[in-house]
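Below is one structure; the comments refer to it alone.
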Amino acid sequence: MQDCVFCKIGRGEMAATFVYEDDLVVAFDDISPQAPVHTLVIPRAHHEHLADGLAPELVAALFGAVPAVARAKGIDASGYRLIVNAGADARQSVAHLHVHVLGGRPMSHGMVVFEN
(Lines give C-alpha, C1' and ligand atoms only; values in the text may rest on other atoms or scores of the structure.)
Protein backbone atom coordinates (compact mmCIF):
# COMPACT_ATOMS: atom_id res chain seq x y z
CA MET A 1 0.00 0.00 0.00
CA GLN A 2 1.63 3.18 -1.16
CA ASP A 3 -0.56 5.56 0.90
CA CYS A 4 -0.36 3.68 4.22
CA VAL A 5 1.41 5.82 6.82
CA PHE A 6 2.78 2.76 8.63
CA CYS A 7 4.08 1.30 5.36
CA LYS A 8 5.89 4.58 4.72
CA ILE A 9 7.42 4.46 8.20
CA GLY A 10 8.42 0.82 7.72
CA ARG A 11 10.09 1.66 4.38
CA GLY A 12 11.88 4.66 5.90
CA GLU A 13 9.93 7.17 3.77
CA MET A 14 8.48 8.95 6.82
CA ALA A 15 10.47 10.05 9.83
CA ALA A 16 10.19 7.96 12.97
CA THR A 17 12.72 7.14 15.65
CA PHE A 18 12.87 3.38 15.88
CA VAL A 19 12.95 1.85 19.33
CA TYR A 20 13.58 -1.54 17.70
CA GLU A 21 14.02 -2.82 14.16
CA ASP A 22 14.87 -5.97 12.28
CA ASP A 23 14.22 -7.23 8.74
CA LEU A 24 10.50 -7.88 9.39
CA VAL A 25 9.32 -5.34 11.98
CA VAL A 26 9.97 -1.90 13.40
CA ALA A 27 8.87 -0.27 16.66
CA PHE A 28 8.36 3.43 17.32
CA ASP A 29 6.52 5.62 19.82
CA ASP A 30 2.84 6.39 19.23
CA ILE A 31 2.14 10.03 18.33
CA SER A 32 -0.95 10.03 20.61
CA PRO A 33 0.26 8.12 23.66
CA GLN A 34 -2.34 6.58 25.97
CA ALA A 35 0.24 5.83 28.70
CA PRO A 36 3.66 7.18 29.69
CA VAL A 37 5.12 4.48 27.42
CA HIS A 38 3.13 3.76 24.26
CA THR A 39 5.16 2.12 21.52
CA LEU A 40 3.88 0.44 18.35
CA VAL A 41 5.40 -2.66 16.78
CA ILE A 42 4.49 -3.02 13.09
CA PRO A 43 5.43 -5.30 10.23
CA ARG A 44 7.43 -3.55 7.52
CA ALA A 45 5.17 -5.11 4.88
CA HIS A 46 1.50 -4.18 4.73
CA HIS A 47 -0.93 -6.46 6.56
CA GLU A 48 -4.24 -5.05 7.73
CA HIS A 49 -4.65 -7.28 10.79
CA LEU A 50 -3.92 -10.69 12.29
CA ALA A 51 -6.55 -12.39 10.10
CA ASP A 52 -4.51 -11.70 6.96
CA GLY A 53 -2.96 -15.17 6.93
CA LEU A 54 0.38 -14.04 8.29
CA ALA A 55 3.44 -16.24 8.03
CA PRO A 56 4.35 -17.74 11.41
CA GLU A 57 7.76 -16.05 11.14
CA LEU A 58 6.11 -12.62 10.99
CA VAL A 59 3.87 -13.30 14.00
CA ALA A 60 6.97 -14.49 15.89
CA ALA A 61 8.86 -11.34 14.85
CA LEU A 62 6.01 -9.04 15.97
CA PHE A 63 5.64 -10.55 19.40
CA GLY A 64 9.33 -11.44 19.71
CA ALA A 65 10.18 -7.73 19.44
CA VAL A 66 8.05 -6.88 22.50
CA PRO A 67 10.59 -7.87 25.21
CA ALA A 68 13.29 -5.81 23.45
CA VAL A 69 10.92 -2.83 23.25
CA ALA A 70 10.01 -3.21 26.94
CA ARG A 71 13.72 -3.29 27.88
CA ALA A 72 14.51 -0.27 25.70
CA LYS A 73 11.64 1.71 27.23
CA GLY A 74 12.48 0.65 30.81
CA ILE A 75 9.22 -1.18 31.54
CA ASP A 76 10.42 -4.78 31.37
CA ALA A 77 10.59 -5.15 35.16
CA SER A 78 7.48 -3.14 36.09
CA GLY A 79 5.19 -4.68 33.48
CA TYR A 80 3.31 -3.72 30.37
CA ARG A 81 0.11 -4.37 28.44
CA LEU A 82 -0.19 -5.45 24.80
CA ILE A 83 -3.17 -4.54 22.65
CA VAL A 84 -3.90 -5.53 19.05
CA ASN A 85 -7.01 -4.01 17.49
CA ALA A 86 -8.59 -5.63 14.43
CA GLY A 87 -11.31 -3.90 12.48
CA ALA A 88 -13.91 -1.20 12.96
CA ASP A 89 -15.56 -2.53 16.14
CA ALA A 90 -12.15 -2.64 17.82
CA ARG A 91 -11.54 0.96 16.71
CA GLN A 92 -8.46 0.07 14.69
CA SER A 93 -7.34 3.57 13.70
CA VAL A 94 -4.75 2.63 11.06
CA ALA A 95 -5.49 -0.26 8.70
CA HIS A 96 -2.01 -1.73 9.17
CA LEU A 97 -1.38 -4.42 11.77
CA HIS A 98 0.24 -3.00 14.90
CA VAL A 99 0.87 -4.14 18.45
CA HIS A 100 0.53 -1.48 21.16
CA VAL A 101 3.04 -1.83 24.01
CA LEU A 102 1.75 0.25 26.94
CA GLY A 103 3.31 0.81 30.35
CA GLY A 104 5.03 3.23 32.66
CA ARG A 105 2.24 3.34 35.27
CA PRO A 106 -0.17 0.87 36.88
CA MET A 107 -2.97 -0.04 34.50
CA SER A 108 -6.64 -0.21 35.46
CA HIS A 109 -7.96 -3.64 36.37
CA GLY A 110 -10.53 -3.85 33.57
CA MET A 111 -9.10 -4.47 30.15
CA VAL A 112 -11.95 -3.19 27.96
CA VAL A 113 -14.88 -0.80 28.05
CA PHE A 114 -17.82 -1.30 25.72
CA GLU A 115 -20.01 1.49 24.41
CA ASN A 116 -23.78 1.06 24.47
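Within each chain, counting starts at residue 1; across the C-alpha coordinates, chains are named A, B, ... in the order shown, with ligands numbered 1 upward in that order.
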
>> I want to know what sits within 12 Å of A:Tyr20, based on only C-alpha atoms, with residues of the same chain fewer than 6 positions away left out; could you give that as a PyMOL selection string?
In response: chain A and resi 10+26-29+39-43+61-62+64-73

> Near A:Arg105, within 9 Å and counting only C-alpha atoms, which residues show up once chain neighbours fewer than 5 positions away are dropped, as a count of residues only?
Replying inline: 6

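A straight line drawn from atom CA of A:Gly104 to atom CA of A:Gly74 is 8.1 Å long.
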
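Reported to one decimal place, the separation of atom CA of A:Asp76 from atom CA of A:Pro33 is 18.1 Å.
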
>> Residues near A:His38, anyone? I mean within 8 Å using only C-alpha atoms, not counting same-chain ones fewer than 5 positions away, as an MDAnalysis selection string.
In response: chainID A and resid 29:30 33 100:103

For those residues, write N, CA and C atoms to a file as a PDB file, in the first residue's frame.
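Printed below is selection.pdb as written:
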```pdb
ATOM      1  N   ASP A  29       7.477   5.078  18.861  1.00  0.00           N
ATOM      2  CA  ASP A  29       6.518   5.617  19.817  1.00  0.00           C
ATOM      3  C   ASP A  29       5.276   6.150  19.117  1.00  0.00           C
ATOM      4  N   ASP A  30       4.121   5.912  19.737  1.00  0.00           N
ATOM      5  CA  ASP A  30       2.837   6.387  19.229  1.00  0.00           C
ATOM      6  C   ASP A  30       2.787   7.915  19.319  1.00  0.00           C
ATOM      7  N   PRO A  33       0.092   9.140  22.621  1.00  0.00           N
ATOM      8  CA  PRO A  33       0.263   8.121  23.663  1.00  0.00           C
ATOM      9  C   PRO A  33      -0.901   8.055  24.644  1.00  0.00           C
ATOM     10  N   HIS A 100       0.283  -2.559  20.208  1.00  0.00           N
ATOM     11  CA  HIS A 100       0.534  -1.478  21.157  1.00  0.00           C
ATOM     12  C   HIS A 100       1.240  -2.066  22.378  1.00  0.00           C
ATOM     13  N   VAL A 101       2.342  -1.469  22.780  1.00  0.00           N
ATOM     14  CA  VAL A 101       3.038  -1.828  24.014  1.00  0.00           C
ATOM     15  C   VAL A 101       2.859  -0.631  24.945  1.00  0.00           C
ATOM     16  N   LEU A 102       2.098  -0.836  26.026  1.00  0.00           N
ATOM     17  CA  LEU A 102       1.746   0.246  26.942  1.00  0.00           C
ATOM     18  C   LEU A 102       2.295  -0.037  28.332  1.00  0.00           C
ATOM     19  N   GLY A 103       2.812   0.982  28.992  1.00  0.00           N
ATOM     20  CA  GLY A 103       3.311   0.815  30.354  1.00  0.00           C
ATOM     21  C   GLY A 103       3.769   2.128  30.931  1.00  0.00           C
TER      22      GLY A 103
END
```

> So which residues of chain A fall under alpha helix (DSSP H) by DSSP, listed as a list in words?
Replying inline: Val5, Phe6, Cys7, Lys8, Ile9, Gly10, Arg11, Pro56, Glu57, Leu58, Val59, Ala60, Ala61, Leu62, Phe63, Gly64, Val66, Pro67, Ala68, Val69, Ala70, Arg71, Ala72 and Lys73 of chain A

Selected residues written out, N, CA and C atoms, as a tab-separated table (two decimals), in the first residue's frame:
```tsv
chain	number	residue	atom	x	y	z
A	5	VAL	N	0.41	5.11	6.03
A	5	VAL	CA	1.41	5.82	6.82
A	5	VAL	C	2.38	4.84	7.49
A	6	PHE	N	1.88	3.71	7.98
A	6	PHE	CA	2.78	2.76	8.63
A	6	PHE	C	3.69	2.07	7.62
A	7	CYS	N	3.21	1.85	6.40
A	7	CYS	CA	4.08	1.30	5.36
A	7	CYS	C	5.22	2.28	5.06
A	8	LYS	N	4.88	3.56	4.99
A	8	LYS	CA	5.89	4.58	4.72
A	8	LYS	C	6.93	4.61	5.84
A	9	ILE	N	6.48	4.50	7.08
A	9	ILE	CA	7.42	4.46	8.20
A	9	ILE	C	8.30	3.21	8.10
A	10	GLY	N	7.68	2.07	7.83
A	10	GLY	CA	8.42	0.82	7.72
A	10	GLY	C	9.46	0.83	6.60
A	11	ARG	N	9.15	1.56	5.51
A	11	ARG	CA	10.09	1.66	4.38
A	11	ARG	C	11.11	2.78	4.58
A	56	PRO	N	3.98	-17.57	10.00
A	56	PRO	CA	4.35	-17.74	11.41
A	56	PRO	C	5.61	-16.96	11.79
A	57	GLU	N	6.54	-16.80	10.86
A	57	GLU	CA	7.76	-16.05	11.14
A	57	GLU	C	7.46	-14.58	11.44
A	58	LEU	N	6.46	-14.01	10.76
A	58	LEU	CA	6.11	-12.62	10.99
A	58	LEU	C	5.42	-12.45	12.35
A	59	VAL	N	4.53	-13.36	12.68
A	59	VAL	CA	3.87	-13.30	14.00
A	59	VAL	C	4.94	-13.41	15.10
A	60	ALA	N	5.88	-14.33	14.91
A	60	ALA	CA	6.97	-14.49	15.89
A	60	ALA	C	7.81	-13.22	15.97
A	61	ALA	N	8.06	-12.57	14.84
A	61	ALA	CA	8.86	-11.34	14.85
A	61	ALA	C	8.12	-10.21	15.57
A	62	LEU	N	6.81	-10.09	15.32
A	62	LEU	CA	6.01	-9.04	15.97
A	62	LEU	C	6.06	-9.17	17.49
A	63	PHE	N	5.71	-10.36	17.96
A	63	PHE	CA	5.64	-10.55	19.40
A	63	PHE	C	7.02	-10.79	20.01
A	64	GLY	N	7.96	-11.27	19.23
A	64	GLY	CA	9.33	-11.44	19.71
A	64	GLY	C	10.04	-10.12	19.95
A	66	VAL	N	8.62	-7.53	21.31
A	66	VAL	CA	8.05	-6.88	22.50
A	66	VAL	C	9.02	-6.85	23.69
A	67	PRO	N	9.66	-7.95	24.08
A	67	PRO	CA	10.59	-7.87	25.21
A	67	PRO	C	11.73	-6.87	24.99
A	68	ALA	N	12.22	-6.78	23.75
A	68	ALA	CA	13.29	-5.81	23.45
A	68	ALA	C	12.77	-4.39	23.57
A	69	VAL	N	11.54	-4.15	23.12
A	69	VAL	CA	10.92	-2.83	23.25
A	69	VAL	C	10.74	-2.49	24.73
A	70	ALA	N	10.23	-3.44	25.50
A	70	ALA	CA	10.01	-3.21	26.94
A	70	ALA	C	11.33	-2.88	27.64
A	71	ARG	N	12.40	-3.59	27.30
A	71	ARG	CA	13.72	-3.29	27.88
A	71	ARG	C	14.18	-1.89	27.48
A	72	ALA	N	14.06	-1.57	26.20
A	72	ALA	CA	14.51	-0.27	25.70
A	72	ALA	C	13.74	0.88	26.34
A	73	LYS	N	12.47	0.66	26.65
A	73	LYS	CA	11.64	1.71	27.23
A	73	LYS	C	11.64	1.68	28.76
```

Quick one: residues within 12 Å of A:Gln92, only C-alpha atoms, excluding same-chain residues fewer than 5 positions away - as a short mmCIF file (atom, residue, chain, number, x, y, z; two decimals) with N, CA and C atoms, in the first residue's frame?
```cif
data_model
loop_
_atom_site.label_atom_id
_atom_site.label_comp_id
_atom_site.auth_asym_id
_atom_site.auth_seq_id
_atom_site.Cartn_x
_atom_site.Cartn_y
_atom_site.Cartn_z
N GLU A 48 -3.23 -5.84 7.04
CA GLU A 48 -4.24 -5.05 7.73
C GLU A 48 -4.42 -5.48 9.18
N HIS A 49 -4.51 -6.79 9.41
CA HIS A 49 -4.65 -7.28 10.79
C HIS A 49 -4.25 -8.75 10.87
N LEU A 50 -4.38 -9.32 12.05
CA LEU A 50 -3.92 -10.69 12.29
C LEU A 50 -4.61 -11.74 11.43
N ILE A 83 -1.85 -4.62 23.26
CA ILE A 83 -3.17 -4.54 22.65
C ILE A 83 -3.00 -4.63 21.14
N VAL A 84 -3.84 -5.45 20.51
CA VAL A 84 -3.90 -5.53 19.05
C VAL A 84 -5.36 -5.34 18.66
N ASN A 85 -5.66 -4.27 17.96
CA ASN A 85 -7.01 -4.01 17.49
C ASN A 85 -7.16 -4.56 16.07
N ALA A 86 -8.33 -5.10 15.77
CA ALA A 86 -8.59 -5.63 14.43
C ALA A 86 -9.98 -5.23 13.98
N GLY A 87 -10.05 -4.28 13.08
CA GLY A 87 -11.31 -3.90 12.48
C GLY A 87 -12.02 -2.75 13.16
N LEU A 97 -1.57 -3.68 10.53
CA LEU A 97 -1.38 -4.42 11.77
C LEU A 97 -0.36 -3.72 12.67
N HIS A 98 -0.70 -3.56 13.95
CA HIS A 98 0.24 -3.00 14.90
C HIS A 98 -0.09 -3.49 16.30
N VAL A 99 0.96 -3.70 17.07
CA VAL A 99 0.87 -4.14 18.45
C VAL A 99 1.21 -2.93 19.32
N HIS A 100 0.28 -2.56 20.21
CA HIS A 100 0.53 -1.48 21.16
C HIS A 100 1.24 -2.07 22.38
#
```

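When atom CA of A:Ala15 is paired with atom CA of A:His96, their separation reads 17.2 Å.
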